[in-house]
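Written out below as structure tokens is the structure these notes cover.
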Amino acid sequence: MLKAAIFDLDGVITDTAVIHFRAWKSTFDEVMRSLKGVAERPFEHDADYVPFVDGKPRYDGVSTFLASRGIELPFGEPSDPIDTMSVCGVGNRKNGAFLDIVESGDVPVFQSTVRLVDQLRSEGIRVGVASSSKNCRPVLRQTNLIERFDAIIDGTDVPRLGIKGKPAPDMFLGVAHDLSAAARNSVVFEDAYVGVEAGKNGEFGLVVGIARNGDTAGLLARGAHIAVNDLEELPLHEIRSRFPD
């Protein structure tokens, strides 16, 4: 029986994935320029953001992308200033760029996801959020959505709880626990490769991939049971049909 639904934030609830990419690109392009000739091409969406950064905790994304270019920086400290040439410094620079973009205007929301959340809640199915973003709660507050969710685990909770980020299933399993639901009785909604892999690794009853860029095949290959371009294509009765009573 379906008892819980767990949503990623960026690219699933809010259209902030494009904002994250813009912030990462401006940050990494600046870092590349400062390292003079270490990389010949700028940071790109399909070649760099999707495989190395999307869905990962911020500092993991910095390390993974830089490693793909053969660059190794000291990890540093989370308190590093944004001009520090360390993994933490670069990650903090990106976060500042992201917040500047968010604060400059409204955060776009996928209304089809909000409608599904409301339908789930109306039928007594508890809903939560598992997001690698450390800005998850501020974004949900700004969009007036935070009260809709019964449990949230985000990037700020990972070190406090001593759990691993995606593709480890820890965040999703933690939210399912907080929702008093077993993984087999829960559905996960994700748009990132590592998020889909996390749902698969946690053996969730249903993993739904949302291919905002049309890459349904990539999400299915990484463990999604269903892949759609938007949740408007997936009615609640079809989700329920995957969970026989």
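Every chain in the structure tokens takes a letter, A first, then B, and so on in the order presented; its residues are numbered from 1, and the ligands are numbered from 1 following the presented order.
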Please report as CSV every residue of range 34-76 of chain A lying within 12 Å of range 210-222 of chain A, along with the nearest atom pair and their distance in Å (one decimal), using only C-alpha atoms.
residue,atom,partner,partner_atom,distance
A:His45,CA,A:Asn213,CA,10.7
A:Asp46,CA,A:Asn213,CA,9.7
A:Val50,CA,A:Asn213,CA,10.4
A:Pro51,CA,A:Gly218,CA,10.9
Residues within 8 Å of Phe43 in chain A, only C-alpha atoms, excluding chain neighbours under 4 positions, as an mmCIF file with N, CA and C atoms, in the first residue's frame:
data_model
loop_
_atom_site.group_PDB
_atom_site.id
_atom_site.type_symbol
_atom_site.label_atom_id
_atom_site.label_comp_id
_atom_site.auth_asym_id
_atom_site.auth_seq_id
_atom_site.Cartn_x
_atom_site.Cartn_y
_atom_site.Cartn_z
ATOM 1 N N LYS A 25 27.967 27.509 -13.337
ATOM 2 C CA LYS A 25 28.724 27.912 -14.526
ATOM 3 C C LYS A 25 29.543 29.174 -14.282
ATOM 4 N N PHE A 28 32.448 28.083 -11.810
ATOM 5 C CA PHE A 28 33.496 27.237 -12.369
ATOM 6 C C PHE A 28 34.248 27.928 -13.515
ATOM 7 N N ASP A 29 33.539 28.701 -14.332
ATOM 8 C CA ASP A 29 34.232 29.419 -15.413
ATOM 9 C C ASP A 29 35.238 30.404 -14.840
ATOM 10 N N ALA A 47 27.612 18.103 -20.594
ATOM 11 C CA ALA A 47 28.912 17.440 -20.453
ATOM 12 C C ALA A 47 29.452 17.491 -19.034
ATOM 13 N N ASP A 48 29.043 18.492 -18.254
ATOM 14 C CA ASP A 48 29.636 18.683 -16.922
ATOM 15 C C ASP A 48 28.602 18.688 -15.785
ATOM 16 N N TYR A 49 27.570 19.520 -15.927
ATOM 17 C CA TYR A 49 26.606 19.666 -14.836
ATOM 18 C C TYR A 49 25.842 18.369 -14.561
#
DSSP-assigned alpha helix (DSSP H) members of range 15-114 of chain A, reported as an mmCIF file with N, CA and C atoms, in the first residue's frame:
data_model
loop_
_atom_site.group_PDB
_atom_site.id
_atom_site.type_symbol
_atom_site.label_atom_id
_atom_site.label_comp_id
_atom_site.auth_asym_id
_atom_site.auth_seq_id
_atom_site.Cartn_x
_atom_site.Cartn_y
_atom_site.Cartn_z
ATOM 1 N N ALA A 17 16.694 24.198 -10.856
ATOM 2 C CA ALA A 17 17.841 23.524 -11.457
ATOM 3 C C ALA A 17 18.557 24.461 -12.423
ATOM 4 N N VAL A 18 17.783 25.236 -13.185
ATOM 5 C CA VAL A 18 18.400 26.165 -14.141
ATOM 6 C C VAL A 18 19.174 27.255 -13.404
ATOM 7 N N ILE A 19 18.675 27.653 -12.213
ATOM 8 C CA ILE A 19 19.383 28.660 -11.425
ATOM 9 C C ILE A 19 20.676 28.076 -10.871
ATOM 10 N N HIS A 20 20.618 26.823 -10.407
ATOM 11 C CA HIS A 20 21.835 26.163 -9.924
ATOM 12 C C HIS A 20 22.875 26.078 -11.043
ATOM 13 N N PHE A 21 22.440 25.713 -12.237
ATOM 14 C CA PHE A 21 23.388 25.601 -13.347
ATOM 15 C C PHE A 21 24.043 26.947 -13.634
ATOM 16 N N ARG A 22 23.266 28.002 -13.661
ATOM 17 C CA ARG A 22 23.827 29.331 -13.921
ATOM 18 C C ARG A 22 24.851 29.709 -12.861
ATOM 19 N N ALA A 23 24.532 29.382 -11.602
ATOM 20 C CA ALA A 23 25.461 29.707 -10.511
ATOM 21 C C ALA A 23 26.730 28.864 -10.600
ATOM 22 N N TRP A 24 26.575 27.563 -10.897
ATOM 23 C CA TRP A 24 27.753 26.706 -11.062
ATOM 24 C C TRP A 24 28.602 27.172 -12.231
ATOM 25 N N LYS A 25 27.967 27.509 -13.337
ATOM 26 C CA LYS A 25 28.724 27.912 -14.526
ATOM 27 C C LYS A 25 29.543 29.174 -14.282
ATOM 28 N N SER A 26 28.906 30.181 -13.686
ATOM 29 C CA SER A 26 29.645 31.419 -13.432
ATOM 30 C C SER A 26 30.807 31.169 -12.474
ATOM 31 N N THR A 27 30.584 30.276 -11.487
ATOM 32 C CA THR A 27 31.633 29.972 -10.508
ATOM 33 C C THR A 27 32.774 29.188 -11.136
ATOM 34 N N PHE A 28 32.448 28.083 -11.810
ATOM 35 C CA PHE A 28 33.496 27.237 -12.369
ATOM 36 C C PHE A 28 34.248 27.928 -13.515
ATOM 37 N N ASP A 29 33.539 28.701 -14.332
ATOM 38 C CA ASP A 29 34.232 29.419 -15.413
ATOM 39 C C ASP A 29 35.238 30.404 -14.840
ATOM 40 N N GLU A 30 34.868 31.049 -13.735
ATOM 41 C CA GLU A 30 35.784 31.978 -13.079
ATOM 42 C C GLU A 30 36.976 31.230 -12.491
ATOM 43 N N VAL A 31 36.715 30.076 -11.881
ATOM 44 C CA VAL A 31 37.804 29.270 -11.332
ATOM 45 C C VAL A 31 38.741 28.802 -12.443
ATOM 46 N N MET A 32 38.149 28.358 -13.563
ATOM 47 C CA MET A 32 38.973 27.900 -14.684
ATOM 48 C C MET A 32 39.876 29.018 -15.212
ATOM 49 N N ARG A 33 39.307 30.215 -15.305
ATOM 50 C CA ARG A 33 40.108 31.350 -15.784
ATOM 51 C C ARG A 33 41.257 31.643 -14.830
ATOM 52 N N SER A 34 41.001 31.529 -13.538
ATOM 53 C CA SER A 34 42.045 31.827 -12.556
ATOM 54 C C SER A 34 43.149 30.775 -12.558
ATOM 55 N N ARG A 58 26.876 19.965 -2.308
ATOM 56 C CA ARG A 58 27.650 21.020 -2.967
ATOM 57 C C ARG A 58 29.136 20.715 -3.070
ATOM 58 N N TYR A 59 29.771 20.358 -1.959
ATOM 59 C CA TYR A 59 31.216 20.137 -1.990
ATOM 60 C C TYR A 59 31.578 18.882 -2.784
ATOM 61 N N ASP A 60 30.700 17.877 -2.766
ATOM 62 C CA ASP A 60 30.932 16.688 -3.598
ATOM 63 C C ASP A 60 30.923 17.073 -5.074
ATOM 64 N N GLY A 61 29.992 17.955 -5.442
ATOM 65 C CA GLY A 61 29.920 18.405 -6.829
ATOM 66 C C GLY A 61 31.180 19.136 -7.255
ATOM 67 N N VAL A 62 31.720 19.970 -6.358
ATOM 68 C CA VAL A 62 32.974 20.684 -6.672
ATOM 69 C C VAL A 62 34.095 19.681 -6.909
ATOM 70 N N SER A 63 34.260 18.744 -5.982
ATOM 71 C CA SER A 63 35.351 17.770 -6.079
ATOM 72 C C SER A 63 35.233 16.914 -7.334
ATOM 73 N N THR A 64 34.014 16.440 -7.620
ATOM 74 C CA THR A 64 33.814 15.540 -8.755
ATOM 75 C C THR A 64 34.075 16.249 -10.074
ATOM 76 N N PHE A 65 33.565 17.480 -10.215
ATOM 77 C CA PHE A 65 33.804 18.198 -11.466
ATOM 78 C C PHE A 65 35.279 18.521 -11.646
ATOM 79 N N LEU A 66 35.922 19.048 -10.616
ATOM 80 C CA LEU A 66 37.336 19.395 -10.743
ATOM 81 C C LEU A 66 38.181 18.162 -11.062
ATOM 82 N N ALA A 67 37.837 17.023 -10.460
ATOM 83 C CA ALA A 67 38.567 15.785 -10.752
ATOM 84 C C ALA A 67 38.408 15.390 -12.207
ATOM 85 N N SER A 68 37.228 15.674 -12.789
ATOM 86 C CA SER A 68 37.015 15.338 -14.201
ATOM 87 C C SER A 68 37.909 16.162 -15.119
ATOM 88 N N VAL A 87 38.020 23.422 -2.100
ATOM 89 C CA VAL A 87 36.720 22.852 -2.450
ATOM 90 C C VAL A 87 35.611 23.614 -1.732
ATOM 91 N N CYS A 88 35.790 23.867 -0.460
ATOM 92 C CA CYS A 88 34.774 24.596 0.299
ATOM 93 C C CYS A 88 34.641 26.045 -0.173
ATOM 94 N N GLY A 89 35.758 26.678 -0.462
ATOM 95 C CA GLY A 89 35.709 28.056 -0.935
ATOM 96 C C GLY A 89 34.959 28.174 -2.248
ATOM 97 N N VAL A 90 35.246 27.250 -3.177
ATOM 98 C CA VAL A 90 34.551 27.264 -4.465
ATOM 99 C C VAL A 90 33.067 26.975 -4.261
ATOM 100 N N GLY A 91 32.749 25.998 -3.403
ATOM 101 C CA GLY A 91 31.352 25.689 -3.125
ATOM 102 C C GLY A 91 30.612 26.857 -2.494
ATOM 103 N N ASN A 92 31.275 27.567 -1.599
ATOM 104 C CA ASN A 92 30.654 28.730 -0.958
ATOM 105 C C ASN A 92 30.454 29.872 -1.955
ATOM 106 N N ARG A 93 31.383 29.981 -2.911
ATOM 107 C CA ARG A 93 31.236 31.006 -3.949
ATOM 108 C C ARG A 93 29.998 30.709 -4.797
ATOM 109 N N LYS A 94 29.830 29.428 -5.137
ATOM 110 C CA LYS A 94 28.643 29.036 -5.912
ATOM 111 C C LYS A 94 27.369 29.328 -5.138
ATOM 112 N N ASN A 95 27.369 29.033 -3.832
ATOM 113 C CA ASN A 95 26.165 29.259 -3.034
ATOM 114 C C ASN A 95 25.805 30.741 -3.002
ATOM 115 N N GLY A 96 26.807 31.583 -2.898
ATOM 116 C CA GLY A 96 26.545 33.021 -2.921
ATOM 117 C C GLY A 96 25.939 33.462 -4.239
ATOM 118 N N ALA A 97 26.453 32.904 -5.339
ATOM 119 C CA ALA A 97 25.916 33.241 -6.655
ATOM 120 C C ALA A 97 24.473 32.768 -6.782
ATOM 121 N N PHE A 98 24.184 31.560 -6.245
ATOM 122 C CA PHE A 98 22.825 31.027 -6.301
ATOM 123 C C PHE A 98 21.852 31.915 -5.516
ATOM 124 N N LEU A 99 22.240 32.287 -4.297
ATOM 125 C CA LEU A 99 21.357 33.103 -3.465
ATOM 126 C C LEU A 99 21.118 34.479 -4.083
ATOM 127 N N ASP A 100 22.137 35.016 -4.740
ATOM 128 C CA ASP A 100 21.965 36.309 -5.413
ATOM 129 C C ASP A 100 20.893 36.213 -6.492
ATOM 130 N N ILE A 101 20.913 35.095 -7.245
ATOM 131 C CA ILE A 101 19.923 34.913 -8.315
ATOM 132 C C ILE A 101 18.532 34.728 -7.725
ATOM 133 N N VAL A 102 18.429 33.897 -6.681
ATOM 134 C CA VAL A 102 17.130 33.633 -6.056
ATOM 135 C C VAL A 102 16.524 34.913 -5.494
ATOM 136 N N GLU A 103 17.357 35.694 -4.804
ATOM 137 C CA GLU A 103 16.852 36.905 -4.154
ATOM 138 C C GLU A 103 16.505 38.011 -5.144
ATOM 139 N N GLN A 111 3.744 23.699 -11.116
ATOM 140 C CA GLN A 111 2.401 23.594 -10.559
ATOM 141 C C GLN A 111 1.852 22.184 -10.630
ATOM 142 N N SER A 112 2.286 21.396 -11.609
ATOM 143 C CA SER A 112 1.818 20.010 -11.696
ATOM 144 C C SER A 112 2.278 19.213 -10.479
ATOM 145 N N THR A 113 3.481 19.515 -9.973
ATOM 146 C CA THR A 113 3.972 18.843 -8.771
ATOM 147 C C THR A 113 3.175 19.283 -7.547
ATOM 148 N N VAL A 114 2.900 20.567 -7.444
ATOM 149 C CA VAL A 114 2.125 21.072 -6.302
ATOM 150 C C VAL A 114 0.737 20.447 -6.295
#
Fill in: Point-to-point distance from CA of Val187 in chain A to CA of Pro244 in chain A, Å rounded to tenths
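Between these atoms lies a distance of 13.1 Å.
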Worksheet, complete the sentence: From the list A:Val175, A:Ile153, A:Ala5, A:Val53, the nearest residue to Arg121 in chain A using only C-alpha atoms is A:Ala5
Worksheet item: Which residues come within 9 Å of range 139-142 of chain A, counting only C-alpha atoms, excluding same-chain residues fewer than 3 positions away, as a ChimeraX atom specification?
Response: /A:9,14,102,106-107,135-136,145-147
Those residues with C-alpha atoms, as a PDB file, in the first residue's frame please?
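To be explicit, this is the file written out as out.pdb:
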ATOM      1  CA  LEU A   9      13.384  19.859  -4.679  1.00  0.00           C
ATOM      2  CA  THR A  14      10.856  24.116  -8.075  1.00  0.00           C
ATOM      3  CA  VAL A 102      17.130  33.633  -6.056  1.00  0.00           C
ATOM      4  CA  ASP A 106      10.596  34.801  -7.721  1.00  0.00           C
ATOM      5  CA  VAL A 107      11.516  31.123  -7.693  1.00  0.00           C
ATOM      6  CA  ASN A 135      18.967  26.104   0.592  1.00  0.00           C
ATOM      7  CA  CYS A 136      15.994  23.725   0.510  1.00  0.00           C
ATOM      8  CA  LEU A 145       5.261  25.495   0.138  1.00  0.00           C
ATOM      9  CA  ILE A 146       7.051  24.391   3.295  1.00  0.00           C
ATOM     10  CA  GLU A 147       3.856  23.769   5.302  1.00  0.00           C
TER      11      GLU A 147
END
Please give the complete set of residues from range 129-202 of chain A that DSSP, run on the backbone, assigns to strand (DSSP E), formatted as an mmCIF file with N, CA and C atoms, in the first residue's frame.
data_model
loop_
_atom_site.group_PDB
_atom_site.id
_atom_site.type_symbol
_atom_site.label_atom_id
_atom_site.label_comp_id
_atom_site.auth_asym_id
_atom_site.auth_seq_id
_atom_site.Cartn_x
_atom_site.Cartn_y
_atom_site.Cartn_z
ATOM 1 N N VAL A 129 10.307 15.804 1.664
ATOM 2 C CA VAL A 129 11.315 16.291 0.719
ATOM 3 C C VAL A 129 12.680 15.774 1.143
ATOM 4 N N ALA A 130 13.446 15.270 0.166
ATOM 5 C CA ALA A 130 14.837 14.881 0.383
ATOM 6 C C ALA A 130 15.670 15.579 -0.676
ATOM 7 N N ALA A 151 7.880 16.083 6.410
ATOM 8 C CA ALA A 151 9.263 15.798 6.811
ATOM 9 C C ALA A 151 10.201 16.326 5.734
ATOM 10 N N ILE A 152 11.344 16.841 6.164
ATOM 11 C CA ILE A 152 12.351 17.369 5.236
ATOM 12 C C ILE A 152 13.735 16.958 5.727
ATOM 13 N N ILE A 153 14.536 16.445 4.822
ATOM 14 C CA ILE A 153 15.967 16.264 5.068
ATOM 15 C C ILE A 153 16.681 16.903 3.892
ATOM 16 N N SER A 186 6.659 3.383 -0.353
ATOM 17 C CA SER A 186 6.887 4.801 -0.654
ATOM 18 C C SER A 186 7.288 4.997 -2.110
ATOM 19 N N VAL A 187 6.936 6.162 -2.644
ATOM 20 C CA VAL A 187 7.330 6.548 -4.001
ATOM 21 C C VAL A 187 8.300 7.707 -3.921
ATOM 22 N N VAL A 188 9.311 7.675 -4.776
ATOM 23 C CA VAL A 188 10.322 8.726 -4.852
ATOM 24 C C VAL A 188 10.194 9.436 -6.193
ATOM 25 N N PHE A 189 10.270 10.767 -6.169
ATOM 26 C CA PHE A 189 10.226 11.572 -7.392
ATOM 27 C C PHE A 189 11.558 12.300 -7.537
ATOM 28 N N GLU A 190 12.265 12.055 -8.628
ATOM 29 C CA GLU A 190 13.613 12.605 -8.841
ATOM 30 C C GLU A 190 13.830 13.004 -10.295
#
Practice prompt. Find the distance between CA of Pro235 in chain A and CA of Gly174 in chain A and write it in Å to one decimal.
Written response: 26.1 Å
Worksheet item: What does the distance from CA of Asn201 in chain A to CA of Lys166 in chain A come to in Å, to one decimal?
Response: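 We find that CA of Asn201 in chain A and CA of Lys166 in chain A lie 9.7 Å from each other.
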Item to complete: For Val158 in chain A, work out the shell of residues within 10 Å, counting only C-alpha atoms and skipping chain neighbours fewer than 2 positions away, then give it as number ranges by chain.
Response: A: 57, 132, 134, 153-156, 160-165, 170-171
Worksheet, complete the sentence: Min atom-atom distance to Val196 in chain A from the set A:His237, A:Arg126, A:Arg184, A:His225, counting only C-alpha atoms, belongs to A:His225
